[in-house]
Amino acid sequence: MKKMSFKKTLVASFCALAMCLPAGSADPGSVDDPLITKSYVDSILMPQVKSYVDTQIANVDFGSGSQDVQIPVASGSTVYNIVNVSKDQTIIGGKSCQMILRMGSGKIVATSKGGVCDVTAGADLQNGTAAPSNHLLIIPLDDGRGIKMSTDGIIMISGSYSVSQ
């Protein structure tokens, strides 16, 4: 009887093992393994998902006292006004006003309800804190919060605001 080489024995063993193992769970494209095309996702699946999300958002109950809650909708870019301010002037932001101090220096004007939200640093800036340059600052309420300028400067502002001496 002839001896088989190690390589031939190994190959024969793998072939025998492969014949004993079951094949894949299902044929591609069958009910058990369906294929989804991009056109199906675009024309059928995404409209269904959008409809479901819109329905869920419409049914959200924000509770009492939340009449001012608005759900943001992507509508393009935010437009900022460039405001030149003089030393000792105070910029008071309205509700949801966004400010970016681009030039000059000033101090935060806060109220008893809280400070000014520094989105860039993730901090709540309290009354008298130095206003940081090039940080996105958000005024949460229309209650007198803003920046009192220590020097002449430039502020980018989105939303309602007033300037006082």
# chains A, B, ... in the order shown; residues from 1 in each chain; ligands from 1
>>> residues_around(residues="range 142-149 of chain A", least_positions_apart="5", cutoff="9 Å", atoms="only C-alpha atoms", output="PyMOL selection string")
chain A and resi 85-97+99+104-111+113-116+127-128+131+161
>>> closest_residue(among="A:Leu141, A:Val79, A:Ile155, A:Ala58", to="Met103 in chain A", atoms="only C-alpha atoms")
A:Ile155
>>> atom_distance(atom1="CA of Ser112 in chain A", atom2="CA of Asn84 in chain A")
27.8 Å
>>> closest_residue(among="A:Ser162, A:Gln48, A:Thr129, A:Ser150", to="Cys117 in chain A", atoms="only C-alpha atoms")
A:Thr129
>>> atom_distance(atom1="CA of Ile139 in chain A", atom2="CA of Gln98 in chain A")
6.4 Å
>>> residues_around(residues="Tyr80 in chain A", least_positions_apart="5", cutoff="6 Å", atoms="only C-alpha atoms", output="PyMOL selection string")
chain A and resi 156-158
>>> select_by_dssp(residues="range 51-142 of chain A", states="strand (DSSP E or B)", output="PyMOL selection string")
chain A and resi 81-85+90-93+97-103+106-109+111+114+116-118+123-125+130+133+137-139
>>> closest_residue(among="A:Ala130, A:Leu45, A:Val83, A:Ala121", to="Val163 in chain A", atoms="only C-alpha atoms")
A:Val83
>>> atom_distance(atom1="CA of Leu137 in chain A", atom2="CA of Gly153 in chain A")
15.7 Å
